[in-house]
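Contents: one structure, followed by commentary.
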Amino acid sequence: MNNDTRPFIRRAALGACAAALAALVVPSTTAHAASARPAATLAKPGNGANVLTLTVPATRAGAAPLAIDCTVTPSTPFRYYGGPYGGGEEGLASVSCTAPVYKIQLDVALYYNGSQVTYNSNTVYNALSATADTEYPLKQGSYQTGAQATITTVLGGSSVTSPIYGSASVTLP
């Protein structure tokens, strides 16, 4: 390559790079419309739908792999008195496994009239279960708790994430 073609190649490469960055920084109207958050649609627990079954590979030759069931349970939101807001709405979630796992990350969210308004997360290690809660100032409307668990069975193993399960809805005056 001679000295005459290098500037052209550099300009072409810089132009392509700038165009790629502009596409990332300035989203199109279609991309912006697709990223708008719709009202939440949560999976309903029941009929075994909120149970994750994980398989831990056998550690010894000839041994059978271990199946672990983890149940994710969002509670129906309830009104509380006192606390950080002087009272409000609280959502609780729990996950319980049939054998100890390396890591449980439990996420809980509170939905007000179908939109997420608050969120919390709790991570525990070498455990059978975990709980998490979140609170929101009381307003008139419909509330629902959502819960999602990410579970890693062994150190260095891959994790499995559940769908977002939803509790029953409650309407407060």
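Order determines the names: the first chain of the structure tokens is A, the second B, and so forth; residues in each chain are numbered 1 upward, and ligands are numbered 1 upward as they are shown.
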
Write out as a count of residues only the residues lying within 7 Å of range 138-153 of chain A, counting only C-alpha atoms and excluding same-chain residues fewer than 6 positions away. 40

Which is closer to Thr131 in chain A than all the others in A:Ser158, A:Val117, A:Thr59, A:Val95, using only C-alpha atoms?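 Among the listed residues, A:Val95 lies closest to Thr131 in chain A.
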
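For the choices A:Thr134, A:Ser121, A:Ser129, A:Thr55, the atom-to-atom distance to Tyr85 in chain A is smallest for A:Thr134 when using only C-alpha atoms.
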